[in-house]
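So this one's coords13.txt, compact mmCIF, C-alpha atoms and all ligand atoms:
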# COMPACT_ATOMS: atom_id res chain seq x y z
CA MET A 1 -5.21 -60.93 -32.81
CA GLY A 2 -6.47 -63.09 -35.66
CA LYS A 3 -7.50 -61.30 -38.83
CA ILE A 4 -10.33 -62.54 -41.02
CA ILE A 5 -10.22 -62.27 -44.82
CA THR A 6 -13.24 -63.06 -46.99
CA THR A 7 -12.72 -64.16 -50.60
CA VAL A 8 -15.75 -62.93 -52.48
CA ASN A 9 -17.22 -62.48 -55.95
CA MET A 10 -20.81 -63.09 -57.02
CA LYS A 11 -19.55 -64.79 -60.16
CA GLY A 12 -18.54 -68.43 -60.15
CA GLY A 13 -15.40 -69.79 -61.74
CA VAL A 14 -13.36 -66.60 -61.27
CA GLY A 15 -10.79 -68.28 -59.02
CA LYS A 16 -12.03 -67.57 -55.46
CA THR A 17 -11.36 -71.04 -54.14
CA THR A 18 -8.06 -71.44 -55.98
CA LEU A 19 -6.94 -68.11 -54.58
CA THR A 20 -8.09 -69.02 -51.05
CA VAL A 21 -6.25 -72.34 -50.80
CA ASN A 22 -3.05 -71.18 -52.52
CA LEU A 23 -2.85 -67.97 -50.56
CA ALA A 24 -3.41 -69.92 -47.34
CA ALA A 25 -0.64 -72.39 -48.21
CA CYS A 26 1.82 -69.58 -49.10
CA LEU A 27 1.05 -67.69 -45.91
CA VAL A 28 1.76 -70.80 -43.85
CA LYS A 29 4.80 -71.98 -45.78
CA ASN A 30 6.57 -68.72 -46.56
CA HIS A 31 5.30 -66.37 -43.86
CA GLN A 32 4.98 -68.75 -40.87
CA GLN A 33 1.36 -67.73 -40.34
CA ARG A 34 -1.16 -70.02 -38.67
CA VAL A 35 -4.04 -70.11 -41.14
CA LEU A 36 -7.56 -71.54 -41.04
CA VAL A 37 -9.51 -71.99 -44.28
CA VAL A 38 -13.29 -71.99 -43.82
CA ASP A 39 -15.42 -73.38 -46.64
CA LEU A 40 -18.70 -71.44 -46.83
CA ASP A 41 -19.73 -72.81 -50.24
CA THR A 42 -22.03 -75.83 -50.60
CA GLN A 43 -19.95 -76.86 -53.61
CA VAL A 44 -17.25 -77.74 -51.03
CA SER A 45 -14.47 -76.86 -53.47
CA ALA A 46 -12.11 -75.51 -50.82
CA THR A 47 -12.63 -78.65 -48.73
CA LEU A 48 -11.99 -80.94 -51.70
CA SER A 49 -8.91 -78.90 -52.68
CA LEU A 50 -7.33 -79.68 -49.31
CA ILE A 51 -8.52 -83.15 -48.26
CA MET A 52 -9.36 -86.35 -50.14
CA PRO A 53 -13.00 -87.05 -51.05
CA GLN A 54 -13.01 -90.29 -49.03
CA ASP A 55 -11.83 -88.40 -45.94
CA PHE A 56 -14.51 -85.77 -46.53
CA ALA A 57 -17.15 -88.51 -46.81
CA LYS A 58 -16.09 -89.89 -43.40
CA ILE A 59 -16.06 -86.45 -41.80
CA ARG A 60 -19.50 -85.70 -43.22
CA LYS A 61 -20.94 -89.00 -42.07
CA ALA A 62 -19.75 -88.25 -38.55
CA GLY A 63 -21.49 -84.84 -38.72
CA ARG A 64 -18.20 -83.01 -38.31
CA THR A 65 -18.64 -80.17 -40.78
CA LEU A 66 -19.61 -76.52 -40.63
CA SER A 67 -23.19 -77.68 -41.06
CA GLN A 68 -23.17 -78.91 -37.45
CA LEU A 69 -22.12 -75.49 -36.13
CA ILE A 70 -24.78 -73.79 -38.24
CA LYS A 71 -27.50 -76.07 -36.84
CA GLN A 72 -26.28 -75.37 -33.32
CA SER A 73 -26.15 -71.63 -33.86
CA LEU A 74 -29.38 -71.27 -35.79
CA TYR A 75 -31.83 -73.78 -34.45
CA GLN A 76 -30.17 -74.49 -31.09
CA GLN A 77 -30.05 -78.15 -32.22
CA ASP A 78 -27.17 -79.21 -30.09
CA TYR A 79 -27.62 -82.97 -29.88
CA LEU A 80 -23.99 -83.47 -30.85
CA ASN A 81 -22.95 -80.23 -29.20
CA LEU A 82 -19.57 -80.13 -30.85
CA ALA A 83 -17.17 -77.27 -30.33
CA ILE A 84 -15.57 -75.76 -33.44
CA GLN A 85 -12.19 -77.02 -32.21
CA GLU A 86 -13.44 -80.59 -32.61
CA LEU A 87 -14.39 -80.03 -36.24
CA ILE A 88 -11.23 -78.38 -37.47
CA GLN A 89 -8.92 -80.59 -39.53
CA SER A 90 -5.38 -79.70 -38.48
CA ASP A 91 -2.25 -79.60 -40.62
CA VAL A 92 -4.03 -80.44 -43.87
CA CYS A 93 -1.84 -81.26 -46.90
CA ARG A 94 0.74 -82.31 -44.28
CA LEU A 95 1.51 -78.63 -43.77
CA PRO A 96 1.84 -77.76 -40.07
CA GLY A 97 -0.13 -74.59 -39.35
CA MET A 98 -2.63 -75.05 -42.17
CA ASP A 99 -6.11 -75.93 -40.88
CA LEU A 100 -9.49 -76.43 -42.49
CA LEU A 101 -13.04 -76.11 -41.23
CA PRO A 102 -14.73 -78.44 -43.73
CA GLY A 103 -17.84 -77.23 -45.52
CA ASP A 104 -20.88 -79.27 -46.43
CA ILE A 105 -23.13 -79.82 -49.43
CA GLU A 106 -26.04 -78.79 -47.19
CA LEU A 107 -25.54 -75.84 -44.91
CA TYR A 108 -28.89 -74.23 -44.19
CA ASP A 109 -32.37 -73.92 -45.60
CA ASP A 110 -33.48 -70.37 -46.48
CA PHE A 111 -37.07 -71.06 -45.49
CA LEU A 112 -36.11 -72.45 -42.07
CA VAL A 113 -33.81 -69.51 -41.42
CA SER A 114 -36.63 -67.06 -42.24
CA GLU A 115 -39.07 -68.98 -40.06
CA THR A 116 -36.65 -69.16 -37.13
CA LEU A 117 -35.91 -65.45 -37.30
CA HIS A 118 -39.60 -64.64 -37.72
CA TYR A 119 -40.39 -66.47 -34.45
CA ARG A 120 -37.45 -64.74 -32.81
CA SER A 121 -38.89 -61.35 -33.80
CA ILE A 122 -42.30 -62.35 -32.36
CA ARG A 123 -40.65 -63.48 -29.11
CA GLU A 124 -38.62 -60.31 -28.82
CA GLN A 125 -41.73 -58.14 -28.99
CA GLY A 126 -41.41 -54.81 -30.71
CA ILE A 127 -38.30 -55.76 -32.68
CA ASP A 128 -38.76 -55.67 -36.44
CA PHE A 129 -38.08 -58.82 -38.43
CA GLU A 130 -35.57 -56.81 -40.50
CA VAL A 131 -33.63 -55.78 -37.41
CA VAL A 132 -33.61 -59.37 -36.08
CA TRP A 133 -32.32 -60.53 -39.48
CA GLN A 134 -29.57 -57.90 -39.60
CA LYS A 135 -28.42 -58.70 -36.08
CA PHE A 136 -28.40 -62.37 -36.95
CA GLU A 137 -26.27 -61.77 -40.05
CA GLN A 138 -23.87 -59.67 -38.02
CA GLN A 139 -23.20 -62.35 -35.42
CA PHE A 140 -23.72 -65.59 -37.41
CA VAL A 141 -20.23 -66.23 -38.86
CA ALA A 142 -18.51 -64.05 -36.23
CA GLY A 143 -20.13 -66.14 -33.46
CA ILE A 144 -19.07 -69.43 -35.04
CA LEU A 145 -15.44 -68.28 -35.33
CA ALA A 146 -15.21 -66.44 -32.00
CA PRO A 147 -13.88 -69.38 -29.89
CA ILE A 148 -10.88 -70.00 -32.17
CA LYS A 149 -10.30 -66.58 -33.76
CA ASP A 150 -7.19 -65.84 -31.78
CA ASN A 151 -5.67 -69.30 -32.34
CA TYR A 152 -4.85 -68.12 -35.87
CA ASP A 153 -2.97 -65.28 -37.50
CA LEU A 154 -5.35 -65.39 -40.44
CA ILE A 155 -8.69 -67.00 -41.19
CA ILE A 156 -9.72 -67.08 -44.86
CA LEU A 157 -13.42 -67.52 -45.66
CA ASP A 158 -14.15 -68.98 -49.09
CA CYS A 159 -17.61 -67.78 -50.19
CA ALA A 160 -20.12 -69.20 -52.64
CA PRO A 161 -20.63 -67.30 -55.90
CA SER A 162 -23.63 -65.42 -54.57
CA TYR A 163 -24.49 -62.58 -52.26
CA ASN A 164 -26.27 -64.84 -49.78
CA LEU A 165 -26.70 -64.92 -46.02
CA LEU A 166 -23.31 -66.55 -45.42
CA THR A 167 -21.50 -64.18 -47.79
CA ARG A 168 -22.95 -61.10 -46.09
CA SER A 169 -22.32 -62.56 -42.65
CA ALA A 170 -18.73 -63.40 -43.66
CA LEU A 171 -18.20 -59.82 -44.84
CA LEU A 172 -19.67 -58.45 -41.61
CA SER A 173 -17.31 -60.63 -39.56
CA SER A 174 -14.16 -59.89 -41.53
CA ASP A 175 -11.36 -57.36 -41.39
CA PHE A 176 -10.61 -57.55 -45.11
CA TYR A 177 -12.06 -58.90 -48.30
CA LEU A 178 -10.35 -60.04 -51.48
CA MET A 179 -11.98 -59.97 -54.91
CA PRO A 180 -10.57 -62.21 -57.63
CA CYS A 181 -11.69 -61.03 -61.04
CA ARG A 182 -11.28 -62.07 -64.68
CA PRO A 183 -10.34 -59.22 -67.04
CA GLU A 184 -13.56 -59.66 -68.97
CA PRO A 185 -16.17 -56.91 -69.35
CA LEU A 186 -18.97 -58.68 -67.47
CA SER A 187 -16.63 -59.80 -64.72
CA ILE A 188 -15.59 -56.15 -64.22
CA VAL A 189 -19.26 -55.12 -64.09
CA GLY A 190 -19.85 -57.89 -61.51
CA THR A 191 -17.00 -56.55 -59.38
CA GLN A 192 -18.39 -53.01 -59.52
CA LEU A 193 -21.88 -54.24 -58.58
CA LEU A 194 -20.51 -56.23 -55.67
CA GLU A 195 -18.56 -53.25 -54.35
CA ARG A 196 -21.76 -51.20 -54.48
CA ARG A 197 -23.61 -53.84 -52.48
CA ILE A 198 -20.80 -54.02 -49.95
CA ASN A 199 -20.99 -50.23 -49.60
CA GLN A 200 -24.70 -50.58 -48.80
CA LEU A 201 -23.81 -53.11 -46.12
CA ARG A 202 -21.23 -50.65 -44.81
CA ARG A 203 -23.85 -47.92 -44.45
CA LEU A 204 -26.05 -50.10 -42.22
CA GLN A 205 -25.66 -49.60 -38.52
CA ILE A 206 -26.42 -52.79 -36.62
CA ASN A 207 -26.13 -52.93 -32.84
CA GLN A 208 -24.48 -49.48 -33.01
CA GLN A 209 -21.73 -50.99 -35.13
CA VAL A 210 -20.84 -50.56 -38.79
CA MET A 211 -19.05 -53.06 -41.00
CA HIS A 212 -15.32 -52.45 -40.81
CA SER A 213 -14.13 -54.84 -43.54
CA LYS A 214 -11.76 -53.17 -46.01
CA LEU A 215 -11.06 -54.15 -49.60
CA LEU A 216 -7.59 -55.68 -49.45
CA GLY A 217 -7.52 -55.75 -53.22
CA ILE A 218 -8.73 -57.03 -56.55
CA VAL A 219 -6.72 -59.93 -57.96
CA PHE A 220 -6.81 -60.42 -61.71
CA VAL A 221 -6.67 -63.96 -63.01
CA ALA A 222 -5.60 -63.58 -66.62
CA ALA A 223 -4.35 -65.56 -69.60
CA SER A 224 -0.78 -64.90 -70.64
CA SER A 225 -1.10 -65.12 -74.45
CA ASN A 226 -0.08 -61.91 -76.21
CA VAL A 227 -3.22 -61.28 -78.24
CA LEU A 228 -5.51 -61.81 -75.27
CA ASN A 229 -3.23 -59.78 -73.08
CA MET A 230 -3.64 -56.63 -75.18
CA TYR A 231 -7.39 -56.94 -74.93
CA TYR A 232 -7.32 -57.86 -71.24
CA ASN A 233 -5.10 -54.89 -70.43
CA GLN A 234 -7.68 -52.60 -72.02
CA VAL A 235 -10.50 -54.21 -70.06
CA MET A 236 -8.57 -54.13 -66.77
CA ARG A 237 -8.31 -50.34 -67.07
CA ARG A 238 -12.09 -50.15 -66.68
CA VAL A 239 -11.77 -50.84 -62.96
CA ASN A 240 -9.88 -47.55 -62.62
CA ASP A 241 -13.22 -45.70 -62.64
CA ASP A 242 -14.31 -47.37 -59.42
CA PHE A 243 -11.11 -48.46 -57.68
CA SER A 244 -7.86 -46.70 -56.77
CA PRO A 245 -4.47 -48.21 -57.73
CA GLU A 246 -3.88 -49.26 -54.09
CA GLN A 247 -7.01 -51.40 -54.35
CA LEU A 248 -5.52 -53.50 -57.16
CA PHE A 249 -2.87 -56.14 -56.54
CA LYS A 250 0.20 -55.69 -58.73
CA THR A 251 0.57 -59.45 -59.05
CA LYS A 252 -1.71 -61.03 -61.61
CA ILE A 253 -2.35 -64.77 -61.59
CA PRO A 254 -1.68 -66.35 -64.99
CA LEU A 255 -3.87 -69.12 -66.30
CA ASP A 256 -1.68 -72.17 -65.80
CA VAL A 257 -2.71 -75.76 -66.45
CA ASN A 258 -0.77 -76.85 -63.34
CA VAL A 259 -3.12 -74.76 -61.19
CA ALA A 260 -6.14 -76.59 -62.60
CA LYS A 261 -4.46 -80.00 -62.38
CA ALA A 262 -3.46 -79.57 -58.73
CA VAL A 263 -7.09 -80.20 -57.68
CA ASP A 264 -6.61 -83.86 -58.63
CA SER A 265 -3.78 -84.16 -56.10
CA PHE A 266 -5.94 -82.64 -53.30
CA MET A 267 -3.26 -80.04 -52.74
CA PRO A 268 -2.84 -76.39 -53.75
CA VAL A 269 -0.48 -75.94 -56.71
CA VAL A 270 2.00 -74.00 -54.56
CA LEU A 271 2.62 -77.23 -52.61
CA ASN A 272 2.19 -79.64 -55.49
CA ASN A 273 4.21 -77.82 -58.14
CA PRO A 274 5.91 -74.80 -56.57
CA ASN A 275 7.92 -73.89 -59.67
CA SER A 276 4.97 -73.49 -62.03
CA SER A 277 4.10 -70.00 -63.27
CA GLY A 278 0.84 -70.03 -61.30
CA SER A 279 2.66 -70.96 -58.08
CA LYS A 280 5.24 -68.22 -58.53
CA ALA A 281 2.44 -65.68 -58.92
CA PHE A 282 0.62 -66.91 -55.79
CA ILE A 283 3.88 -66.67 -53.83
CA LYS A 284 4.32 -63.02 -54.94
CA LEU A 285 0.69 -62.29 -54.22
CA ALA A 286 1.04 -63.64 -50.66
CA ASP A 287 4.00 -61.25 -50.14
CA GLU A 288 1.77 -58.38 -51.25
CA VAL A 289 -1.05 -59.53 -48.97
CA ILE A 290 1.25 -59.58 -45.94
CA GLN A 291 2.61 -56.12 -46.81
CA LYS A 292 -0.88 -54.69 -47.16
CA ILE A 293 -2.10 -56.19 -43.88
CA ASN A 294 0.97 -54.86 -42.08
CA GLN A 295 0.43 -51.39 -43.56
CA VAL A 296 -3.06 -51.26 -42.07
CA ASN A 297 -1.92 -52.46 -38.61
N1 LIG J 1 -4.77 -69.51 -62.51
C1 LIG J 1 -5.49 -70.54 -62.94
N2 LIG J 1 -5.04 -71.28 -63.99
C2 LIG J 1 -5.75 -72.34 -64.46
N3 LIG J 1 -6.92 -72.72 -63.97
C3 LIG J 1 -7.44 -72.03 -62.93
C4 LIG J 1 -6.76 -70.90 -62.37
N4 LIG J 1 -7.51 -70.41 -61.35
C5 LIG J 1 -8.59 -71.20 -61.28
N5 LIG J 1 -8.56 -72.17 -62.23
C6 LIG J 1 -9.55 -73.22 -62.46
O1 LIG J 1 -10.78 -72.59 -62.78
C7 LIG J 1 -11.85 -73.28 -62.18
C8 LIG J 1 -12.65 -72.34 -61.30
O2 LIG J 1 -11.82 -71.89 -60.25
P1 LIG J 1 -12.36 -71.74 -58.76
O3 LIG J 1 -11.21 -71.30 -57.92
O4 LIG J 1 -13.06 -72.98 -58.34
O5 LIG J 1 -13.40 -70.56 -58.94
P2 LIG J 1 -14.55 -70.04 -57.96
O6 LIG J 1 -14.21 -70.46 -56.59
O7 LIG J 1 -14.55 -68.55 -58.13
O8 LIG J 1 -15.83 -70.64 -58.44
C9 LIG J 1 -11.25 -74.45 -61.42
O9 LIG J 1 -11.34 -75.59 -62.20
C10 LIG J 1 -9.81 -74.05 -61.21
O10 LIG J 1 -8.94 -75.16 -61.15
MG MG J 2 -15.31 -71.56 -55.19

Once you've parsed the file, please lay out its structure as structure tokens.
Ligand SMILES: Nc1ncnc2c1ncn2[C@@H]1O[C@H](COP(=O)(O)OP(=O)(O)O)[C@@H](O)[C@H]1O
Ligand SMILES: [Mg+2]
Amino acid sequence: MGKIITTVNMKGGVGKTTLTVNLAACLVKNHQQRVLVVDLDTQVSATLSLIMPQDFAKIRKAGRTLSQLIKQSLYQQDYLNLAIQELIQSDVCRLPGMDLLPGDIELYDDFLVSETLHYRSIREQGIDFEVVWQKFEQQFVAGILAPIKDNYDLIILDCAPSYNLLTRSALLSSDFYLMPCRPEPLSIVGTQLLERRINQLRRLQINQQVMHSKLLGIVFVAASSNVLNMYYNQVMRRVNDDFSPEQLFKTKIPLDVNVAKAVDSFMPVVLNNPNSSGSKAFIKLADEVIQKINQVN
């Protein structure tokens, strides 16, 4: 059975996408997992970390992105009527087993979603708009992934830096979520706020079901200089009020220029420069991820 992991943090620039693509590559390369990366962010960073911009432009022109599936699911606009299998880019970065569902710079329009769901609630007389909305969120991402879920060992959903419809729907569809975090005071506050919001989502009962996604762990992305480290270590302790030690990954990802530079080669650093300090950390982190998933199973 395929497991779904959502990479989430309301803050931008904390390393969600970098974590998603490097973890995916390590899980394929070192753990023989079949992995699908799904780009849920209109900044298309995960897509552009794994394929070349000119290839993305072609894919987009042909309407072969997540946007197509969203239109089909939301507005029943099925003029292309493409199955998810036809949109998935296989063996990206020349790595067999590593697949990508490309994102798009336009995914949905909030107003149109509200209008569509409003009409749905009128059609289904007696059902509150709020209930229609919640049901929609529950099945939106899950429904898109359902046909291929079991073709993969793991599906990693890379979210936008906001708590939007797709982020909530991703969380509702997933088995686990990962939170990358910078050891900075406001980043820690952001992580605590997000966990509170996720707990609210957990308390909702939709279609007699509750969200089952578990926090796989918080991953700190930290600088390795000594002076900063002392300060960062102090700040990192602040998460101890809200999270137990099992909810924190032991491996921390160092800031490493090779990680940032890898984007220019359209390949995760673990493939592009496997001996760099960042790559070594991602490799260790992937080992921890596999251990944690196996513990739960
Ligand atoms: N460990 C790291 N070392 C150096 N640069 C990093 C590291 N992790 C992320 N970055 C860089 O920081 C920027 C933001 O990272 P990204 O993964 O896109 O964040 P997010 O998805 O949370 O917005 C990118 O330019 C990325 O290359
Ligand atoms: Mg991102």

Problem set entry | Point (-4.2, -61.3, -59.7) neighbourhood (7 Å, only C-alpha atoms) written as number ranges by chain | A: 180, 218-221, 249, 251-253

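Minimum distance to Asp175 of chain A across A:Gln89, A:Thr7, A:Ser213, A:Ser114 (counting all atoms listed in the file) occurs at A:Ser213.
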
Problem set entry | Contacts of ligand MG 2 (chain J), 9 Å or closer, only C-alpha atoms and all ligand atoms, given as number ranges by chain | A: 12-18, 20, 39, 41, 43-46, 158-161

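Coordinates place atom CA of Cys26 of chain A at a distance of 5.9 Å from atom CA of Ile283 of chain A.
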
For this session: For atom CA of Val210 of chain A and atom CA of Ile198 of chain A, determine how far apart the two atoms are, in Å to one decimal place.
Result: 11.7 Å

For this session: Tell me, as an NGL selection string, which residues lie within 10 Å of Ala142 of chain A, counting all atoms listed in the file; anything in the same chain fewer than 3 positions away does not count.
Result: :A and (4 or 137-139 or 145-147 or 149 or 169-174)
